[in-house]
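See below for coords.cif, which holds mmCIF, C-alpha atoms and all ligand atoms.
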data_model
loop_
_atom_site.label_atom_id
_atom_site.label_comp_id
_atom_site.auth_asym_id
_atom_site.auth_seq_id
_atom_site.Cartn_x
_atom_site.Cartn_y
_atom_site.Cartn_z
CA MET A 1 -9.06 -18.00 -1.33
CA LEU A 2 -7.97 -14.48 -0.47
CA ILE A 3 -4.71 -14.15 1.47
CA ALA A 4 -3.70 -11.09 3.50
CA LEU A 5 0.01 -11.17 4.24
CA THR A 6 0.76 -9.10 7.34
CA ARG A 7 3.64 -8.71 9.79
CA PRO A 8 3.55 -7.83 13.48
CA VAL A 9 4.20 -4.28 14.73
CA SER A 10 7.82 -4.07 15.88
CA PRO A 11 8.60 -2.80 19.40
CA SER A 12 11.12 -0.47 17.68
CA LEU A 13 8.35 1.21 15.60
CA ALA A 14 9.10 4.65 17.10
CA ALA A 15 12.47 4.59 15.27
CA CYS A 16 10.67 4.34 11.90
CA GLU A 17 11.61 6.24 8.75
CA LEU A 18 9.84 9.61 8.48
CA THR A 19 9.79 11.89 5.43
CA HIS A 20 6.89 14.32 5.65
CA LEU A 21 5.92 14.09 9.32
CA ALA A 22 7.65 15.33 12.46
CA ARG A 23 8.50 12.57 14.94
CA GLU A 24 5.87 12.16 17.66
CA PRO A 25 5.72 9.66 20.51
CA ILE A 26 4.14 6.41 19.32
CA ASP A 27 2.26 4.13 21.70
CA VAL A 28 3.49 0.77 20.43
CA SER A 29 1.00 -1.35 22.36
CA ARG A 30 -1.82 0.78 21.01
CA ALA A 31 -0.34 0.40 17.51
CA ALA A 32 -0.32 -3.38 18.01
CA ALA A 33 -3.95 -3.33 19.18
CA GLN A 34 -4.97 -1.21 16.18
CA HIS A 35 -3.08 -3.59 13.89
CA ALA A 36 -4.86 -6.58 15.44
CA ALA A 37 -8.23 -4.88 14.84
CA TYR A 38 -7.19 -4.22 11.22
CA GLU A 39 -6.38 -7.92 10.78
CA SER A 40 -9.79 -8.79 12.25
CA VAL A 41 -11.49 -6.57 9.68
CA LEU A 42 -9.54 -8.30 6.89
CA ALA A 43 -10.58 -11.67 8.30
CA SER A 44 -14.22 -10.54 8.50
CA LEU A 45 -13.99 -9.79 4.77
CA HIS A 46 -12.92 -13.41 4.20
CA ALA A 47 -9.16 -12.92 3.99
CA ARG A 48 -6.94 -15.61 5.50
CA ILE A 49 -4.15 -13.94 7.43
CA ALA A 50 -0.63 -15.19 6.63
CA ARG A 51 1.95 -13.54 8.90
CA ALA A 52 5.57 -13.03 8.00
CA ALA A 53 7.93 -13.66 10.92
CA ALA A 54 8.17 -10.78 13.39
CA ALA A 55 11.26 -8.59 13.00
CA PRO A 56 11.56 -6.68 16.27
CA GLU A 57 14.77 -4.96 15.13
CA LEU A 58 13.23 -3.59 11.90
CA PRO A 59 11.09 -0.56 12.87
CA ASP A 60 9.01 -0.41 9.66
CA ALA A 61 8.48 -4.16 9.17
CA VAL A 62 4.71 -3.86 9.70
CA PHE A 63 4.44 -1.95 6.39
CA VAL A 64 4.65 -5.07 4.23
CA GLU A 65 3.11 -3.43 1.18
CA ASP A 66 6.45 -1.80 0.42
CA THR A 67 8.38 -5.06 0.14
CA ALA A 68 6.68 -6.70 -2.86
CA ILE A 69 4.19 -6.42 -5.70
CA VAL A 70 1.95 -9.46 -5.86
CA LEU A 71 0.14 -10.10 -9.13
CA ASP A 72 -1.99 -13.08 -10.18
CA GLU A 73 0.87 -14.65 -12.11
CA VAL A 74 4.00 -13.72 -10.17
CA ALA A 75 5.38 -11.66 -7.27
CA VAL A 76 8.15 -9.09 -7.61
CA ILE A 77 10.31 -8.55 -4.55
CA ALA A 78 10.99 -4.83 -4.22
CA ARG A 79 14.20 -3.04 -3.29
CA PRO A 80 12.95 -0.43 -0.80
CA GLY A 81 14.20 3.11 -1.25
CA ALA A 82 15.20 3.55 2.40
CA PRO A 83 18.34 1.43 3.10
CA SER A 84 17.02 0.76 6.64
CA ARG A 85 14.11 -1.13 5.06
CA ARG A 86 15.96 -3.45 2.66
CA ALA A 87 16.31 -6.25 5.22
CA GLU A 88 12.50 -6.46 5.39
CA THR A 89 12.13 -8.28 2.09
CA ASP A 90 13.58 -11.71 2.95
CA ALA A 91 10.90 -12.85 5.38
CA VAL A 92 8.13 -11.61 3.11
CA ALA A 93 9.70 -13.38 0.12
CA GLU A 94 9.77 -16.57 2.20
CA VAL A 95 5.98 -16.43 2.68
CA LEU A 96 5.27 -15.38 -0.91
CA ALA A 97 7.38 -18.25 -2.27
CA GLY A 98 4.63 -20.57 -1.04
CA PHE A 99 2.15 -18.89 -3.38
CA ARG A 100 3.96 -17.37 -6.37
CA SER A 101 7.13 -17.58 -8.46
CA LEU A 102 9.36 -14.73 -7.39
CA LEU A 103 11.11 -12.09 -9.48
CA ARG A 104 13.39 -9.44 -7.98
CA LEU A 105 14.33 -5.84 -8.60
CA GLU A 106 18.08 -5.25 -8.49
CA ALA A 107 20.30 -2.18 -7.88
CA PRO A 108 20.26 0.56 -9.05
CA ALA A 109 16.47 0.15 -8.92
CA THR A 110 14.76 1.33 -5.75
CA LEU A 111 11.06 0.83 -5.28
CA ASP A 112 8.56 0.80 -2.42
CA GLY A 113 5.41 -1.19 -3.13
CA GLY A 114 3.45 1.80 -1.85
CA ASP A 115 4.39 3.47 -5.12
CA VAL A 116 2.71 0.83 -7.28
CA LEU A 117 -0.97 1.14 -8.16
CA ARG A 118 -2.54 -1.54 -10.32
CA VAL A 119 -5.50 -0.62 -12.50
CA GLY A 120 -6.41 -3.59 -14.67
CA ARG A 121 -3.27 -4.62 -16.58
CA GLU A 122 -1.62 -1.24 -16.03
CA LEU A 123 0.83 -0.62 -13.18
CA TYR A 124 1.30 3.04 -12.29
CA VAL A 125 4.59 3.66 -10.50
CA GLY A 126 5.09 6.84 -8.49
CA LEU A 127 8.41 8.58 -8.97
CA SER A 128 8.81 9.47 -5.31
CA SER A 129 11.74 9.91 -2.95
CA ARG A 130 11.71 6.08 -2.65
CA SER A 131 11.16 4.79 -6.20
CA ASN A 132 13.23 5.60 -9.29
CA GLY A 133 13.25 5.36 -13.06
CA ALA A 134 15.49 2.27 -13.00
CA ALA A 135 12.76 0.46 -11.07
CA VAL A 136 10.17 1.49 -13.66
CA GLU A 137 12.37 0.09 -16.44
CA GLN A 138 13.12 -3.18 -14.62
CA LEU A 139 9.49 -3.68 -13.67
CA ALA A 140 8.39 -3.06 -17.24
CA SER A 141 10.77 -5.66 -18.65
CA LEU A 142 10.03 -8.22 -15.89
CA LEU A 143 6.26 -7.90 -16.38
CA ARG A 144 5.93 -7.39 -20.13
CA PRO A 145 5.84 -11.19 -20.69
CA PHE A 146 2.76 -11.30 -18.42
CA GLY A 147 0.97 -8.57 -20.38
CA TYR A 148 1.34 -5.72 -17.87
CA GLY A 149 2.07 -2.15 -18.91
CA VAL A 150 4.14 -0.03 -16.52
CA ARG A 151 3.91 3.76 -16.45
CA ALA A 152 5.81 6.30 -14.37
CA VAL A 153 3.72 8.92 -12.57
CA PRO A 154 5.18 12.04 -10.92
CA VAL A 155 4.05 12.57 -7.30
CA ALA A 156 4.81 15.57 -5.12
CA GLY A 157 4.13 16.44 -1.51
CA CYS A 158 3.60 12.92 -0.15
CA LEU A 159 5.52 9.73 0.60
CA HIS A 160 4.15 7.32 -2.00
CA LEU A 161 1.88 7.23 -5.03
CA LYS A 162 -0.68 5.38 -2.91
CA SER A 163 -0.63 8.25 -0.38
CA ALA A 164 -2.08 10.28 -3.26
CA VAL A 165 -4.33 7.79 -5.04
CA THR A 166 -5.77 4.32 -4.45
CA ALA A 167 -8.25 2.10 -6.27
CA VAL A 168 -11.77 1.84 -4.84
CA GLY A 169 -13.12 -0.19 -7.75
CA GLU A 170 -11.88 -1.77 -10.97
CA ARG A 171 -11.72 1.68 -12.60
CA ARG A 172 -12.57 4.02 -9.72
CA LEU A 173 -9.88 5.94 -7.89
CA LEU A 174 -9.82 7.98 -4.69
CA LEU A 175 -7.34 10.79 -5.33
CA ASN A 176 -5.80 13.95 -3.90
CA PRO A 177 -5.34 16.29 -6.90
CA ALA A 178 -2.77 18.36 -4.95
CA TRP A 179 -0.33 15.42 -4.90
CA VAL A 180 -0.89 13.66 -8.23
CA ALA A 181 -2.44 14.76 -11.52
CA ARG A 182 -5.82 13.19 -12.19
CA GLU A 183 -4.98 13.31 -15.93
CA SER A 184 -2.40 10.56 -15.33
CA PHE A 185 -5.26 8.06 -14.96
CA GLU A 186 -7.10 8.25 -18.24
CA GLY A 187 -10.36 6.33 -18.36
CA ALA A 188 -10.76 6.06 -14.57
CA GLU A 189 -13.61 7.56 -12.59
CA ILE A 190 -12.07 9.90 -10.02
CA LEU A 191 -13.41 10.64 -6.55
CA CYS A 192 -11.45 13.40 -4.80
CA VAL A 193 -10.63 13.60 -1.10
CA ASP A 194 -12.05 16.43 0.97
CA PRO A 195 -9.46 19.24 0.60
CA SER A 196 -9.21 19.57 4.40
CA GLU A 197 -7.97 15.93 4.57
CA PRO A 198 -4.96 15.72 2.22
CA GLY A 199 -3.83 12.33 3.55
CA ALA A 200 -7.22 10.75 2.92
CA ALA A 201 -6.59 9.10 -0.46
CA ASN A 202 -5.21 5.89 1.03
CA ALA A 203 -8.15 3.47 1.16
CA LEU A 204 -8.17 -0.32 1.07
CA TRP A 205 -10.88 -1.63 -1.24
CA LEU A 206 -11.70 -5.25 -0.59
CA ASN A 207 -14.61 -7.43 -1.65
CA GLY A 208 -16.79 -4.37 -2.29
CA SER A 209 -16.02 -2.64 1.03
CA VAL A 210 -13.59 0.15 1.80
CA ILE A 211 -11.39 -0.23 4.88
CA TYR A 212 -10.72 3.32 5.84
CA PRO A 213 -8.99 5.42 8.57
CA ALA A 214 -11.45 6.68 11.17
CA HIS A 215 -9.53 9.98 11.30
CA PHE A 216 -10.78 11.18 7.89
CA PRO A 217 -14.52 11.69 8.54
CA ARG A 218 -15.19 14.11 5.68
CA THR A 219 -13.77 11.94 2.92
CA SER A 220 -15.39 8.94 4.61
CA GLU A 221 -18.73 10.72 4.22
CA ARG A 222 -17.96 11.35 0.52
CA LEU A 223 -17.27 7.64 0.06
CA ALA A 224 -20.48 6.69 1.85
CA GLN A 225 -22.47 9.15 -0.29
CA SER A 226 -20.97 7.56 -3.39
CA GLY A 227 -22.45 4.25 -2.27
CA PHE A 228 -19.47 2.55 -0.62
CA GLU A 229 -19.71 0.47 2.51
CA VAL A 230 -17.01 2.16 4.60
CA ILE A 231 -15.43 0.14 7.41
CA PRO A 232 -13.63 2.58 9.71
CA VAL A 233 -10.43 1.45 11.41
CA GLU A 234 -8.47 3.28 14.10
CA CYS A 235 -4.91 3.65 12.84
CA SER A 236 -3.65 6.79 14.57
CA GLU A 237 -0.39 5.21 15.84
CA LEU A 238 0.63 3.72 12.49
CA ALA A 239 -0.29 7.04 10.85
CA LYS A 240 2.35 8.72 13.08
CA ALA A 241 4.84 6.36 11.39
CA GLU A 242 3.53 7.59 8.01
CA GLY A 243 1.60 4.39 7.36
CA GLY A 244 -1.90 4.07 5.92
CA VAL A 245 -4.39 1.24 5.47
CA THR A 246 -2.96 -0.26 2.28
CA CYS A 247 0.55 -0.50 3.63
CA CYS A 248 -0.08 -3.05 6.38
CA SER A 249 -1.03 -5.93 4.07
CA LEU A 250 -0.35 -7.60 0.76
CA LEU A 251 -3.61 -8.98 -0.60
CA PHE A 252 -3.76 -11.69 -3.23
CA ARG A 253 -5.74 -14.72 -4.37
CA ALA A 254 -4.44 -18.23 -3.99
CA ASP A 255 -5.87 -21.66 -4.80
C1 LIG A 301 8.46 4.61 5.80
O1 LIG A 301 8.71 5.82 5.82
O2 LIG A 301 8.96 3.85 5.00
C2 LIG A 301 7.50 4.08 6.85
N1 LIG A 301 7.67 4.79 8.08
C3 LIG A 301 6.07 4.18 6.38
C4 LIG A 301 5.78 3.34 5.17
C5 LIG A 301 4.36 3.39 4.77
N2 LIG A 301 4.16 2.58 3.63
C6 LIG A 301 3.16 2.72 2.77
O3 LIG A 301 2.35 3.61 2.91
N3 LIG A 301 3.11 1.90 1.75
#

Take the structure from the file and write it as structure tokens.
Ligand code: CIR
Amino acid sequence: MLIALTRPVSPSLAACELTHLAREPIDVSRAAAQHAAYESVLASLHARIARAAAAPELPDAVFVEDTAIVLDEVAVIARPGAPSRRAETDAVAEVLAGFRSLLRLEAPATLDGGDVLRVGRELYVGLSSRSNGAAVEQLASLLRPFGYGVRAVPVAGCLHLKSAVTAVGERRLLLNPAWVARESFEGAEILCVDPSEPGAANALWLNGSVIYPAHFPRTSERLAQSGFEVIPVECSELAKAEGGVTCCSLLFRAD
């Protein structure tokens, strides 16, 4: 069974962390409707939705991807780089404890799950404004016993590694070469975003389909021409909070 862990949009979303975007008014009820549609798409692709408890006082709680890394064998609870986001992990850990043994990153490590890209048994960790070298070291020693390699990857110009590159296949990546070097991902087939859509590398590949923001039509066309079934989702309001399609769920298999 495939589980999609999600968390409701908080009414305080407009007070979210912002790094690369200017603050704009966010229509929270529209964000909630877009999030509900996103969950419906996940469900239509056979994911069972497991919701962490709502956290109305935590503006960024909807972005559950940043709170943990869920692997087949174990889950690692992250220590988000923004102090305002550290209280988000407890409720997510509570849900994950029903499915996995939990490991935890500790200070001085900081890591947002949005900086972790898994390709096979390799975890690429973006060295961003949120995730540091101590997290790379801790993750490597926590996961070595499970046979995972952990590699640091420099990113520049965007929030997270997965703003710059995501997996759209076992060894296929959608990437923005302006934000991360394609050479970091040896052996992978690289599909580049349309240069007019720098934010377009964040795609959610699931059961052979690609859940993808409706506001990147040119890269969407590139994906379709490469043979992908693209499922467009409206996510304009969460995008104003610097969120993409991967960040609103943690996807994993469970018995
Ligand atoms: C933040 O800055 O932390 C949130 N406003 C957005 C987090 C998006 N997370 C993600 O892409 N993994």

- Query: Using only C-alpha atoms and all ligand atoms, which residue out of A:Cys16, A:Ala156, A:Ala107, A:Leu139 lies closest to ligand LIG 301 (chain A)?
  - Reply: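 Of all the options, A:Cys16 lies closest to ligand LIG 301 (chain A).
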
- Task: Please identify the residues whose atoms come within 10 Å of ligand LIG 301 (chain A), using only C-alpha atoms and all ligand atoms, and report them as JSON, numbers by chain.
- Result: {"A": [13, 14, 15, 16, 17, 18, 19, 20, 21, 59, 60, 61, 62, 63, 64, 65, 66, 67, 80, 81, 82, 83, 84, 85, 112, 113, 114, 115, 116, 130, 158, 159, 160, 161, 162, 163, 202, 238, 239, 240, 241, 242, 243, 244, 245, 246, 247, 248, 249]}

- Option closest in space to Leu103 of chain A, from A:Ala188, A:Val70, A:Leu127, A:Pro25 [counting only C-alpha atoms]: A:Val70

- atom CA of Ala78 of chain A to atom CA of Leu105 of chain A measures 5.6 Å

- Task: Quote the spacing between atom CA of Cys235 of chain A and atom CA of Pro8 of chain A in Å to one decimal place.
- Result: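 According to the coordinates, atom CA of Cys235 of chain A and atom CA of Pro8 of chain A are separated by 14.3 Å.
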
Using all atoms listed in the file, which residues sit within 9 Å of segment 196-201 of chain A once same-chain residues fewer than 3 positions away are excluded, as a tab-separated table (two decimals) with C-alpha atoms, in the frame of the given file?
chain	number	residue	atom	x	y	z
A	158	CYS	CA	3.60	12.92	-0.15
A	162	LYS	CA	-0.68	5.38	-2.91
A	163	SER	CA	-0.63	8.25	-0.38
A	164	ALA	CA	-2.08	10.28	-3.26
A	165	VAL	CA	-4.33	7.79	-5.04
A	166	THR	CA	-5.77	4.32	-4.45
A	173	LEU	CA	-9.88	5.94	-7.89
A	174	LEU	CA	-9.82	7.98	-4.69
A	175	LEU	CA	-7.34	10.79	-5.33
A	176	ASN	CA	-5.80	13.95	-3.90
A	178	ALA	CA	-2.77	18.36	-4.95
A	179	TRP	CA	-0.33	15.42	-4.90
A	192	CYS	CA	-11.45	13.40	-4.80
A	193	VAL	CA	-10.63	13.60	-1.10
A	212	TYR	CA	-10.72	3.32	5.84
A	213	PRO	CA	-8.99	5.42	8.57
A	215	HIS	CA	-9.53	9.98	11.30
A	216	PHE	CA	-10.78	11.18	7.89
A	217	PRO	CA	-14.52	11.69	8.54
A	218	ARG	CA	-15.19	14.11	5.68
A	219	THR	CA	-13.77	11.94	2.92
A	220	SER	CA	-15.39	8.94	4.61
A	244	GLY	CA	-1.90	4.07	5.92

- Item | Atomic distance atom CA of Asn207 of chain A - atom CA of Val76 of chain A, expressed in Å with one decimal |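 Between atom CA of Asn207 of chain A and atom CA of Val76 of chain A the gap is 23.6 Å.
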
- Query: Of the candidates A:Ala75, A:Ala140, A:Val210, A:Ile3, which one gets nearest to Ala50 of chain A if we count all atoms listed in the file?
  - Reply: A:Ile3

- Choose the residue, out of A:Phe185, A:Phe228, A:Phe252, A:Phe146, that has the smallest atom-to-atom separation from Arg100 of chain A; count all atoms listed in the file.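 When distances to Arg100 of chain A are compared using all atoms listed in the file, the smallest one comes from A:Phe252.
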
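In terms of minimum interatomic distance to Ile69 of chain A, A:Leu123 ranks closest within A:Ala224, A:Leu123, A:Val180, A:Ala55, counting all atoms listed in the file.
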
- Query: If I put a ball of radius 10 Å at (13.0, -0.8, -11.7) in the file's coordinates, which residues poke into it when counting only C-alpha atoms, written as an MDAnalysis selection string?
  - Reply: chainID A and resid 78:79 104:111 125 131:142

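Residue nearest Glu170 of chain A within the list A:Ala203, A:Val155, A:Val119, A:Ile211: A:Val119 [criterion: smallest interatomic distance, all atoms listed in the file].
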
- Counting all atoms listed in the file, what is within 7 Å of Glu122 of chain A, bar same-chain residues fewer than 5 positions away, as a list in words?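 Those residues are Tyr148, Gly149 and Val150 of chain A.
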